[in-house]
file final.txt (compact mmCIF, C-alpha atoms)
# COMPACT_ATOMS: atom_id res chain seq x y z
CA MET A 1 246.34 126.42 212.07
CA MET A 2 247.89 124.37 214.86
CA ALA A 3 250.82 124.90 217.20
CA LYS A 4 252.28 121.96 219.08
CA ASN A 5 254.52 121.32 222.04
CA SER A 6 255.43 118.14 223.92
CA SER A 7 252.24 117.95 225.98
CA ALA A 8 249.68 120.17 224.28
CA GLU A 9 248.39 121.41 220.97
CA ILE A 10 246.98 124.86 220.33
CA LEU A 11 244.14 125.09 217.85
CA ASN A 12 242.92 128.29 216.23
CA ILE A 13 239.12 128.01 216.20
CA ALA A 14 236.67 130.81 215.49
CA ASP A 15 239.51 133.34 215.89
CA ARG A 16 240.34 131.97 219.34
CA GLU A 17 243.24 129.92 220.60
CA VAL A 18 242.20 126.73 222.37
CA THR A 19 244.85 124.69 224.15
CA ILE A 20 244.34 120.94 224.01
CA SER A 21 246.26 119.31 226.83
CA ASN A 22 247.32 115.68 226.47
CA PRO A 23 245.82 115.47 222.97
CA ASP A 24 246.84 111.82 222.59
CA LYS A 25 244.97 110.75 225.74
CA VAL A 26 242.85 107.74 224.74
CA LEU A 27 239.20 108.21 225.72
CA PHE A 28 237.74 105.25 223.80
CA PRO A 29 240.11 102.25 224.05
CA GLN A 30 238.33 99.96 221.58
CA PRO A 31 238.52 102.27 218.52
CA LYS A 32 241.54 104.05 220.08
CA LEU A 33 239.98 107.48 219.85
CA THR A 34 241.79 110.29 221.62
CA LYS A 35 240.89 113.60 223.16
CA LEU A 36 242.05 115.34 219.99
CA ASP A 37 239.70 113.11 217.98
CA LEU A 38 236.85 114.25 220.24
CA VAL A 39 237.80 117.91 219.74
CA ARG A 40 237.95 117.53 215.96
CA TYR A 41 234.57 115.80 215.96
CA TYR A 42 232.85 118.66 217.76
CA ILE A 43 234.48 121.18 215.45
CA ALA A 44 233.21 119.24 212.42
CA VAL A 45 229.59 119.14 213.65
CA SER A 46 229.64 122.41 215.57
CA GLU A 47 226.77 124.02 213.67
CA GLY A 48 224.40 121.21 214.62
CA ALA A 49 225.80 120.71 218.11
CA LEU A 50 225.34 124.39 218.88
CA ARG A 51 221.77 124.30 217.63
CA GLY A 52 221.08 121.67 220.29
CA ALA A 53 223.28 122.86 223.15
CA GLY A 54 224.41 126.38 222.25
CA GLY A 55 223.14 129.42 224.08
CA ARG A 56 222.03 127.20 226.97
CA PRO A 57 223.60 126.43 230.34
CA ASN A 58 225.35 123.08 230.15
CA MET A 59 226.25 120.65 232.89
CA LEU A 60 229.73 119.22 232.36
CA VAL A 61 229.94 115.42 232.40
CA ARG A 62 233.65 114.66 232.48
CA TYR A 63 235.57 111.46 231.74
CA PRO A 64 239.17 112.46 232.51
CA ASN A 65 240.45 108.89 232.21
CA GLY A 66 238.26 107.82 229.33
CA ILE A 67 235.07 105.80 229.32
CA GLU A 68 236.60 102.99 231.36
CA GLY A 69 237.56 105.33 234.21
CA ASP A 70 235.46 107.20 236.74
CA HIS A 71 233.39 110.12 235.55
CA PHE A 72 231.78 112.99 237.41
CA TYR A 73 229.17 115.72 237.03
CA GLN A 74 230.34 119.31 237.26
CA LYS A 75 227.68 121.98 237.40
CA ARG A 76 230.06 124.80 238.22
CA ALA A 77 232.25 126.11 235.44
CA PRO A 78 235.96 125.79 236.25
CA SER A 79 237.33 128.98 237.77
CA SER A 80 240.40 128.75 235.51
CA ARG A 81 238.73 129.34 232.17
CA PRO A 82 239.35 131.68 229.25
CA PRO A 83 237.62 135.06 229.55
CA TRP A 84 235.61 134.32 226.42
CA ILE A 85 233.86 131.31 227.97
CA GLU A 86 230.38 132.55 228.85
CA VAL A 87 228.63 131.44 232.03
CA VAL A 88 225.23 132.08 233.55
CA GLU A 89 224.07 131.57 237.14
CA LEU A 90 221.56 128.77 237.39
CA ARG A 91 219.51 128.12 240.54
CA PHE A 92 218.49 124.57 241.38
CA PRO A 93 215.50 123.08 243.26
CA SER A 94 217.86 122.39 246.19
CA GLY A 95 218.36 126.13 246.67
CA ARG A 96 221.97 126.03 245.53
CA ALA A 97 223.28 128.00 242.56
CA ALA A 98 226.14 127.58 240.12
CA ASP A 99 227.68 129.34 237.14
CA GLU A 100 227.24 126.94 234.22
CA VAL A 101 228.99 127.07 230.86
CA VAL A 102 227.05 128.52 227.92
CA PRO A 103 228.75 127.51 224.64
CA ARG A 104 228.29 129.96 221.78
CA ASP A 105 230.81 128.82 219.17
CA ALA A 106 233.02 125.94 218.04
CA ALA A 107 235.86 127.20 220.24
CA ALA A 108 233.71 126.75 223.36
CA LEU A 109 232.83 123.20 222.28
CA ALA A 110 236.52 122.44 221.77
CA TRP A 111 237.35 123.88 225.19
CA MET A 112 234.68 121.65 226.77
CA ALA A 113 236.02 118.62 224.90
CA ASN A 114 239.48 119.40 226.26
CA LEU A 115 237.98 118.89 229.73
CA ALA A 116 237.05 115.38 228.54
CA CYS A 117 233.37 116.34 228.38
CA LEU A 118 232.22 113.64 226.02
CA GLU A 119 228.56 114.57 226.28
CA LEU A 120 226.67 117.81 225.79
CA HIS A 121 224.08 118.15 228.56
CA PRO A 122 222.15 121.40 228.07
CA HIS A 123 219.20 122.56 230.13
CA PRO A 124 215.99 123.18 228.12
CA VAL A 125 216.23 126.95 228.59
CA ARG A 126 218.12 129.79 226.96
CA ALA A 127 220.68 131.77 228.92
CA ASP A 128 218.56 134.91 228.61
CA ASP A 129 215.42 133.29 230.09
CA LEU A 130 216.17 130.63 232.68
CA ASP A 131 212.60 130.26 233.96
CA HIS A 132 210.74 129.31 230.78
CA PRO A 133 211.81 126.20 228.83
CA ASP A 134 211.68 126.44 225.06
CA GLU A 135 211.98 122.68 224.59
CA LEU A 136 209.83 119.74 225.64
CA ARG A 137 211.83 116.52 225.65
CA VAL A 138 210.33 113.13 224.87
CA ASP A 139 212.73 110.50 226.22
CA LEU A 140 211.90 106.93 225.19
CA ASP A 141 213.82 104.64 227.53
CA PRO A 142 213.50 100.86 227.05
CA VAL A 143 213.49 98.40 229.94
CA PRO A 144 215.85 95.42 229.55
CA GLY A 145 214.72 92.95 226.92
CA VAL A 146 212.92 95.52 224.76
CA THR A 147 213.90 95.37 221.10
CA TRP A 148 214.93 98.31 218.94
CA LYS A 149 211.88 97.59 216.77
CA GLN A 150 209.59 98.23 219.74
CA ILE A 151 211.33 101.55 220.39
CA GLN A 152 210.74 102.50 216.76
CA GLN A 153 207.05 101.61 217.12
CA VAL A 154 206.65 103.73 220.26
CA THR A 155 208.44 106.61 218.53
CA ALA A 156 205.77 106.50 215.83
CA VAL A 157 203.01 106.58 218.45
CA ALA A 158 204.63 109.56 220.17
CA ARG A 159 204.84 111.37 216.83
CA ALA A 160 201.13 110.76 216.25
CA VAL A 161 200.29 112.27 219.66
CA LEU A 162 202.44 115.32 218.93
CA ASP A 163 200.80 115.72 215.53
CA ASP A 164 197.34 115.56 217.09
CA TYR A 165 198.28 118.38 219.48
CA LYS A 166 199.89 120.46 216.72
CA LEU A 167 203.46 120.05 217.93
CA VAL A 168 206.43 119.30 215.66
CA GLY A 169 208.79 116.59 216.86
CA TRP A 170 212.42 116.22 215.80
CA PRO A 171 213.67 112.65 216.36
CA LYS A 172 217.18 111.54 217.21
CA THR A 173 218.80 108.42 218.55
CA SER A 174 219.71 108.78 222.20
CA GLY A 175 223.17 107.42 221.50
CA SER A 176 222.44 104.55 223.85
CA ARG A 177 219.44 102.17 223.67
CA GLY A 178 216.60 104.65 223.29
CA MET A 179 215.19 107.46 221.21
CA HIS A 180 214.60 111.15 221.87
CA ILE A 181 212.13 113.54 220.29
CA CYS A 182 212.91 117.24 220.70
CA VAL A 183 209.92 119.59 220.59
CA ARG A 184 210.44 123.35 220.37
CA ILE A 185 207.82 125.26 222.34
CA GLN A 186 207.12 128.90 222.97
CA PRO A 187 208.94 130.05 226.17
CA ARG A 188 205.71 130.95 227.97
CA TRP A 189 205.33 128.18 230.52
CA SER A 190 207.09 127.22 233.74
CA PHE A 191 209.11 124.04 234.23
CA ASP A 192 206.26 122.51 236.22
CA GLU A 193 203.78 123.19 233.43
CA VAL A 194 206.07 121.75 230.76
CA ARG A 195 206.56 118.64 232.93
CA LEU A 196 202.79 118.20 233.25
CA ALA A 197 202.45 118.49 229.47
CA ALA A 198 205.11 115.78 229.08
CA LEU A 199 203.27 113.62 231.64
CA ALA A 200 200.03 113.98 229.70
CA LEU A 201 201.83 112.99 226.51
CA ALA A 202 203.41 109.96 228.21
CA ARG A 203 200.05 108.77 229.51
CA GLU A 204 198.45 109.23 226.08
CA VAL A 205 201.23 107.23 224.42
CA GLU A 206 200.66 104.48 226.98
CA ARG A 207 196.88 104.59 226.40
CA ARG A 208 197.34 104.18 222.65
CA ALA A 209 199.99 101.46 222.92
CA PRO A 210 199.57 99.78 226.34
CA LYS A 211 201.49 96.67 225.32
CA LEU A 212 204.44 98.68 224.04
CA ALA A 213 204.84 101.74 226.27
CA THR A 214 204.52 102.78 229.89
CA SER A 215 204.42 105.98 231.91
CA ALA A 216 205.06 104.16 235.23
CA TRP A 217 207.78 105.92 237.21
CA TRP A 218 208.77 102.96 239.41
CA LYS A 219 211.05 100.57 237.58
CA GLU A 220 209.45 97.53 239.16
CA GLU A 221 206.14 98.45 237.49
CA ARG A 222 207.49 99.15 234.02
CA GLN A 223 207.01 96.95 230.99
CA GLY A 224 208.12 98.03 227.55
CA VAL A 225 209.37 101.50 226.65
CA PHE A 226 209.25 104.09 229.44
CA VAL A 227 208.19 107.57 228.31
CA ASP A 228 210.25 109.53 230.84
CA TYR A 229 208.20 112.64 231.56
CA ASN A 230 210.48 113.58 234.46
CA GLN A 231 213.27 114.54 232.06
CA ASN A 232 211.34 117.80 231.84
CA ALA A 233 211.65 118.61 235.56
CA LYS A 234 213.87 121.57 236.39
CA ASP A 235 217.56 120.70 236.70
CA ARG A 236 217.25 117.58 234.54
CA THR A 237 219.35 117.38 231.39
CA VAL A 238 219.58 114.93 228.50
CA ALA A 239 222.27 114.36 225.92
CA ALA A 240 221.83 116.87 223.12
CA ALA A 241 221.86 116.25 219.38
CA TYR A 242 225.37 115.29 218.20
CA SER A 243 226.43 114.49 221.76
CA VAL A 244 229.00 111.70 221.99
CA ARG A 245 228.04 109.00 224.47
CA PRO A 246 230.32 106.90 226.70
CA LYS A 247 229.83 103.68 224.73
CA PRO A 248 232.66 101.42 223.54
CA ASP A 249 232.00 102.29 219.89
CA ALA A 250 231.84 106.07 220.59
CA ARG A 251 228.18 106.20 219.65
CA VAL A 252 226.52 109.56 219.01
CA SER A 253 223.02 110.97 219.55
CA ALA A 254 222.16 111.43 215.88
CA PRO A 255 219.40 113.62 214.42
CA LEU A 256 217.12 111.73 212.05
CA THR A 257 214.45 112.43 209.50
CA TRP A 258 211.12 110.78 210.26
CA ASP A 259 211.61 108.58 207.21
CA GLU A 260 214.81 107.22 208.78
CA VAL A 261 213.30 106.26 212.14
CA ASP A 262 211.96 102.89 210.97
CA HIS A 263 215.14 101.87 209.16
CA CYS A 264 218.08 103.14 211.23
CA GLU A 265 220.24 101.30 213.73
CA PRO A 266 221.76 103.22 216.66
CA GLU A 267 225.21 101.74 216.09
CA ASP A 268 225.31 103.34 212.63
CA PHE A 269 226.07 106.72 214.18
CA THR A 270 229.45 107.17 215.84
CA LEU A 271 232.14 109.77 216.35
CA LEU A 272 233.83 108.35 213.23
CA THR A 273 230.78 108.28 210.93
CA LEU A 274 228.82 111.41 211.89
CA PRO A 275 231.16 114.05 210.40
CA ALA A 276 230.78 112.61 206.89
CA ARG A 277 227.01 112.31 207.34
CA PHE A 278 226.86 115.90 208.56
CA LYS A 279 228.95 117.13 205.62
CA LYS A 280 226.64 115.35 203.18
CA LEU A 281 223.21 116.04 204.74
CA GLY A 282 223.80 119.06 206.95
CA ASP A 283 221.94 119.40 210.22
CA LEU A 284 218.67 117.47 209.95
CA HIS A 285 217.28 119.57 212.82
CA ALA A 286 218.12 122.86 211.10
CA GLY A 287 214.48 123.96 211.02
CA ILE A 288 213.65 123.21 214.64
CA ASP A 289 213.65 126.84 215.82
CA GLU A 290 211.08 127.77 213.19
CA HIS A 291 208.43 125.50 214.70
CA ALA A 292 207.93 126.60 218.30
CA GLY A 293 204.50 125.34 219.35
CA SER A 294 202.02 125.62 222.20
CA ILE A 295 201.54 123.08 225.00
CA GLU A 296 198.05 124.35 225.86
CA GLY A 297 196.51 121.29 224.22
CA LEU A 298 198.61 118.89 226.30
CA LEU A 299 197.81 120.81 229.48
CA GLU A 300 194.12 120.49 228.67
CA LEU A 301 194.68 116.78 228.05
CA PHE A 302 196.28 116.47 231.50
CA GLU A 303 193.12 117.89 233.08
CA GLN A 304 190.89 115.64 230.98
CA GLN A 305 192.86 112.54 231.98
CA GLY A 306 191.96 113.27 235.61
CA LEU A 307 194.85 111.19 236.98
CA GLY A 308 196.60 113.94 238.91
CA ASP A 309 200.34 114.25 239.28
CA ALA A 310 202.86 111.40 239.11
CA PRO A 311 206.01 110.82 241.18
CA TRP A 312 208.90 113.23 240.84
CA PRO A 313 212.59 112.26 240.74
CA PRO A 314 214.45 111.76 244.03
CA HIS A 315 215.87 114.85 245.78
CA TYR A 316 212.98 117.05 244.61
CA ARG A 317 210.74 118.72 247.14
CA LYS A 318 207.56 116.74 247.75
CA GLN A 319 204.80 118.32 245.69
CA ASP A 320 201.36 118.96 247.21
CA SER A 321 199.61 117.09 244.39
CA GLU A 322 202.16 114.28 244.16
CA PRO A 323 201.14 110.72 245.12
CA PRO A 324 203.07 108.96 247.90
CA ARG A 325 206.75 108.80 246.95
CA VAL A 326 207.18 105.20 248.04
CA GLN A 327 208.04 102.45 245.61
CA PRO A 328 205.22 99.88 245.31
CA SER A 329 207.18 97.02 246.87
CA LYS A 330 207.59 99.02 250.09
CA ARG A 331 204.09 100.40 250.50
CA LYS A 332 202.37 99.33 253.69
CA SER A 333 198.96 99.14 252.07
CA THR A 334 198.07 98.87 248.43
CA ARG A 335 195.35 97.37 246.33
CA LYS A 336 197.96 95.49 244.35
CA PRO A 337 200.05 92.82 246.06
CA LYS A 338 203.57 93.88 246.85
CA LEU A 339 206.16 92.91 244.29
CA PRO A 340 208.73 90.41 245.62
CA LEU A 341 211.82 92.58 245.30
CA ILE A 342 215.22 91.90 246.82
CA GLU A 343 218.31 94.06 246.62
CA ILE A 344 221.56 92.51 245.46
CA GLY A 345 224.25 95.16 245.84
CA ARG A 346 225.45 98.73 245.66
CA ALA A 347 228.70 99.97 244.14
CA ARG A 348 230.28 103.10 242.75
CA ARG A 349 231.26 101.21 239.61
CA LYS A 350 228.56 99.51 237.57
CA GLU A 351 230.96 96.67 236.74
CA ASP A 352 231.40 95.85 240.42
CA ALA A 353 227.64 95.82 241.02
CA LEU A 354 227.10 93.52 238.02
CA ALA A 355 229.81 91.19 239.31
CA GLY A 356 227.81 90.89 242.53
CA LEU A 357 224.74 90.02 240.47
CA GLU A 358 226.63 87.21 238.74
CA ARG A 359 227.72 85.83 242.13
CA TRP A 360 224.08 85.88 243.27
CA LYS A 361 223.00 84.02 240.11
CA ALA A 362 225.70 81.40 240.72
CA ARG A 363 224.46 80.85 244.28
CA HIS A 364 220.82 80.69 243.19
CA SER A 365 221.06 79.19 239.71
CA GLU A 366 217.65 77.51 239.82
CA ALA A 367 215.89 80.76 240.70
CA ALA A 368 217.97 82.69 238.14
CA MET A 369 216.68 80.43 235.36
CA HIS A 370 213.18 81.91 235.82
CA LEU A 371 214.22 85.56 235.59
CA GLN A 372 213.17 87.63 232.60
CA PRO A 373 215.34 90.52 231.38
CA ALA A 374 213.05 93.17 232.89
CA ASP A 375 213.20 91.46 236.30
CA VAL A 376 216.78 92.68 236.85
CA LEU A 377 216.59 96.34 237.88
CA VAL A 378 219.89 98.15 237.37
CA ASP A 379 219.45 101.63 238.83
CA ALA A 380 221.88 104.43 238.04
CA MET A 381 221.58 106.44 241.25
CA ARG A 382 222.66 109.99 240.58
CA GLY A 383 224.17 111.92 243.45
CA ARG A 384 225.32 115.52 243.46
CA TYR A 385 228.61 114.89 241.69
CA SER A 386 228.63 111.28 240.52
CA THR A 387 226.54 108.20 239.93
CA TRP A 388 226.52 104.84 241.64
CA THR A 389 224.73 101.61 240.78
CA ARG A 390 222.10 99.70 242.72
CA ILE A 391 220.91 96.28 241.55
CA ARG A 392 217.61 94.74 242.56
CA ILE A 393 215.74 91.66 241.38
CA ASN A 394 212.00 91.25 240.97
CA LEU A 395 211.23 87.61 241.80
CA GLN A 396 207.71 87.76 240.35
CA HIS A 397 208.47 85.06 237.77
CA VAL A 398 210.28 82.78 240.22
CA PRO A 399 208.07 80.13 241.89
CA GLU A 400 207.54 81.04 245.54
CA ALA A 401 209.26 77.89 246.77
CA LEU A 402 212.42 78.88 244.91
CA ARG A 403 212.54 82.56 245.88
CA PRO A 404 215.73 83.37 247.83
CA ALA A 405 215.41 85.59 250.87
CA GLN A 406 217.08 88.98 251.15
CA GLU A 407 220.78 88.50 251.79
CA PRO A 408 223.53 90.91 252.87
CA LEU A 409 224.35 93.19 249.95
CA ASP A 410 227.19 92.12 247.66
CA PRO A 411 228.90 94.46 247.10
CA ASP A 412 227.87 96.77 249.93
CA GLU A 413 229.69 100.04 249.36
CA LYS A 414 228.60 102.75 251.77
CA ILE A 415 227.48 105.51 249.48
CA ARG A 416 225.86 108.74 250.54
CA SER A 417 222.88 109.71 248.42
CA ASN A 418 224.28 113.19 247.83
CA SER A 419 227.80 112.08 247.02
call {"tool": "encode", "arguments": {"input": "final.txt", "output": "C-alpha cells"}}
result
Amino acid sequence: MMAKNSSAEILNIADREVTISNPDKVLFPQPKLTKLDLVRYYIAVSEGALRGAGGRPNMLVRYPNGIEGDHFYQKRAPSSRPPWIEVVELRFPSGRAADEVVPRDAAALAWMANLACLELHPHPVRADDLDHPDELRVDLDPVPGVTWKQIQQVTAVARAVLDDYKLVGWPKTSGSRGMHICVRIQPRWSFDEVRLAALALAREVERRAPKLATSAWWKEERQGVFVDYNQNAKDRTVAAAYSVRPKPDARVSAPLTWDEVDHCEPEDFTLLTLPARFKKLGDLHAGIDEHAGSIEGLLELFEQQGLGDAPWPPHYRKQDSEPPRVQPSKRKSTRKPKLPLIEIGRARRKEDALAGLERWKARHSEAAMHLQPADVLVDAMRGRYSTWTRIRINLQHVPEALRPAQEPLDPDEKIRSNS
C-alpha cells in the first residue's frame, strides 16, 4: 500500500509507515535511478541485506545529491527518527561514542535509503556484543592496472588458505573493482585478535602467490592485489552483501557461489538486475550463520610467521608492537632505497584532484610516458565526516634525468585531517 502527496510517498513496510521524501530525486543520473528506486531495491532484497547488515550497528554513508554530489559519513543516528529505529551506543578508538543505527527489518532499510544511504556499512559485531566480532573480512583490493582475472586468482588462493584453517568463506563482489570474502567466526576474540588473524591470512596469501598478491600496507610498496587486513580493525566498516555502491551503473556488492567466482563480471550485478537474481536464487549466503569457525589456527600461524605486527590505519593509537608508522619514501634510514615519490595535489573532490594530475602530465609529457598504472597513487583520505583525495606519483620507472622535482600542489586545498 502506498499513499502519495506532492513531495513525499508513504510506504507500508513490515507493518510500519515509512515516509519517502522527494521520491523522484535522481541518485544515479546515467540510468536515471531515483531515491524511490533505491528504496524498492532494498525492500526486494531485504532478507539478504539484513543477513549481512541487520542486527549490527551501521555507519550511514549519505549521498543527498546523488553520486555526482558530495557525500558524507554519519556515525550518529539522526535525532529526528521514528521510535522504532533501533540504535546502540558504539565507542570508537578515539574515545568518542555515538548511537548508530541497527536495522532489524525492511522498514529500517527503507528509512535508511530515504536518507540517501546508498551503501550498507555494518560493523563486524552484533548489537548485543560490541566487543567480540563474529565476522572476519577478507578484502581483496587491486592496485591500478590489475585485471579482474588476477583478482579471481587471488580469491581462489584466499579460499585455499581458509580451507586449510577450517574456515568457511562466502565470496561476493565488492561492487567496485575488488572481491570480498565474509567469514563467520565464533564471537570469542577481541578486535585486535581478529585483525592479527586477518594479517596472518594476508601474509599467507602473499607467500603462496607472491606475484599476484601483497600484504604491504603502504601503497607505494604494493604490487598486485592488496589483502587489506586492516579492514578488521575496530571502527572499520566495509560494504555489506547487497549494498549498492556509488558507481555510474548502480553496481551492487553481490553474493556469489564459489562456482561463479571464476566466471562472473562485477558489472553484471546492479540495482536493476539483483532483484530478479535474488527472486530466482534466493540469498546465496543464507547458510553463513551456520558455519561460525575458530581463528585459533590463524593466530598460531601469526606466531609461526614471526613477522610481528604490521602498520595500522591512520588515526589509530600507535601500538607497542607496531613497526614505525612512516611511509617508506619518508624514512630517514632504510635498507631499501627510498622510492622517488612526489605529491601532485589534494582536493575534496576526486575529480578536481584528477584534473590536477592531467595538468601535471601535460607539463611533463615525456616523464608521464614512462609511468605504469600502479605508479599513480590515488589515496582516498578519510576524515571524521568526509573523504578527500590525495594524488602522488612514484617515479621509479621514469629515468632519473627525466624525473620532475616536487612542485607546488595543484590543486592545493587546505584540508584538515579530521574534517
call {"tool": "atom_distance", "arguments": {"input": "final.txt", "atom1": "CA of His285 (chain A)", "atom2": "CA of Ile43 (chain A)"}}
result
17.5 Å
call {"tool": "atom_distance", "arguments": {"input": "final.txt", "atom1": "CA of Ala401 (chain A)", "atom2": "CA of Met369 (chain A)"}}
result
13.8 Å
call {"tool": "closest_residue", "arguments": {"input": "final.txt", "among": "A:Tyr73, A:Ala113, A:Gly48, A:Val227", "to": "Leu36 (chain A)", "atoms": "all atoms listed in the file"}}
result
A:Ala113
call {"tool": "closest_residue", "arguments": {"input": "final.txt", "among": "A:Thr237, A:Gln372, A:Asn65, A:Ser243", "to": "Gln223 (chain A)", "atoms": "only C-alpha atoms"}}
result
A:Gln372
call {"tool": "atom_distance", "arguments": {"input": "final.txt", "atom1": "CA of Ile151 (chain A)", "atom2": "CA of Ser215 (chain A)"}}
result
14.1 Å
call {"tool": "closest_residue", "arguments": {"input": "final.txt", "among": "A:Thr34, A:Ile85, A:Asp235, A:Ala209", "to": "Leu130 (chain A)", "atoms": "all atoms listed in the file"}}
result
A:Asp235
call {"tool": "closest_residue", "arguments": {"input": "final.txt", "among": "A:Leu196, A:Tyr63, A:Gly175, A:Ala405", "to": "Gly308 (chain A)", "atoms": "only C-alpha atoms"}}
result
A:Leu196
call {"tool": "closest_residue", "arguments": {"input": "final.txt", "among": "A:Leu402, A:Leu120, A:Val225, A:Val183", "to": "Ala374 (chain A)", "atoms": "all atoms listed in the file"}}
result
A:Val225
call {"tool": "residues_around", "arguments": {"input": "final.txt", "residues": "Phe269 (chain A)", "least_positions_apart": "6", "cutoff": "12 Å", "atoms": "only C-alpha atoms", "output": "VMD selection string"}}
result
chain A and resid 172 to 176 241 to 245 247 249 to 256 275 to 278
call {"tool": "residues_around", "arguments": {"input": "final.txt", "residues": "Phe191 (chain A)", "least_positions_apart": "4", "cutoff": "7 Å", "atoms": "only C-alpha atoms", "output": "PyMOL selection string"}}
result
chain A and resi 132-133+195+233-234
call {"tool": "residues_near_point", "arguments": {"input": "final.txt", "point": "(233.5, 114.9, 218.5)", "cutoff": "8 Å", "atoms": "only C-alpha atoms", "output": "ChimeraX atom specification"}}
result
/A:37-45,113,118,243-244,271
call {"tool": "residues_around", "arguments": {"input": "final.txt", "residues": "Val398 (chain A)", "least_positions_apart": "5", "cutoff": "7 Å", "atoms": "all atoms listed in the file", "output": "JSON, numbers by chain"}}
result
{"A": [367, 370, 371, 403]}
call {"tool": "build_atoms", "arguments": {"input": "final.txt", "residues": "region 216-234 of chain A", "atoms": "N, CA and C atoms", "output": "compact mmCIF listing (two decimals), keeping the file's coordinate frame"}}
result
# COMPACT_ATOMS: atom_id res chain seq x y z
N ALA A 216 204.84 104.49 233.81
CA ALA A 216 205.06 104.16 235.23
C ALA A 216 206.44 104.61 235.67
N TRP A 217 206.50 105.41 236.74
CA TRP A 217 207.78 105.92 237.21
C TRP A 217 208.63 104.84 237.87
N TRP A 218 208.00 103.95 238.65
CA TRP A 218 208.77 102.96 239.41
C TRP A 218 209.22 101.84 238.47
N LYS A 219 210.51 101.56 238.50
CA LYS A 219 211.05 100.57 237.58
C LYS A 219 210.38 99.21 237.72
N GLU A 220 210.03 98.85 238.95
CA GLU A 220 209.45 97.53 239.16
C GLU A 220 208.07 97.39 238.53
N GLU A 221 207.45 98.49 238.14
CA GLU A 221 206.14 98.45 237.49
C GLU A 221 206.21 98.61 235.98
N ARG A 222 207.39 98.86 235.45
CA ARG A 222 207.49 99.15 234.02
C ARG A 222 207.56 97.88 233.18
N GLN A 223 206.89 97.96 232.03
CA GLN A 223 207.01 96.95 230.99
C GLN A 223 207.06 97.69 229.66
N GLY A 224 208.04 97.40 228.86
CA GLY A 224 208.12 98.03 227.55
C GLY A 224 209.01 99.25 227.53
N VAL A 225 208.59 100.27 226.82
CA VAL A 225 209.37 101.50 226.65
C VAL A 225 208.81 102.56 227.60
N PHE A 226 209.66 103.07 228.48
CA PHE A 226 209.25 104.09 229.44
C PHE A 226 209.33 105.46 228.78
N VAL A 227 208.21 106.20 228.81
CA VAL A 227 208.19 107.57 228.31
C VAL A 227 208.50 108.47 229.51
N ASP A 228 209.74 108.90 229.61
CA ASP A 228 210.25 109.53 230.84
C ASP A 228 209.87 111.01 230.89
N TYR A 229 208.70 111.27 231.42
CA TYR A 229 208.20 112.64 231.56
C TYR A 229 209.05 113.48 232.49
N ASN A 230 209.71 112.83 233.46
CA ASN A 230 210.48 113.58 234.46
C ASN A 230 211.77 114.18 233.90
N GLN A 231 212.13 113.86 232.67
CA GLN A 231 213.27 114.54 232.06
C GLN A 231 212.97 116.01 231.81
N ASN A 232 211.72 116.40 232.02
CA ASN A 232 211.34 117.80 231.84
C ASN A 232 211.26 118.56 233.17
N ALA A 233 211.59 117.90 234.28
CA ALA A 233 211.65 118.61 235.56
C ALA A 233 212.86 119.54 235.57
N LYS A 234 212.76 120.61 236.32
CA LYS A 234 213.87 121.57 236.39
C LYS A 234 215.12 120.89 236.91
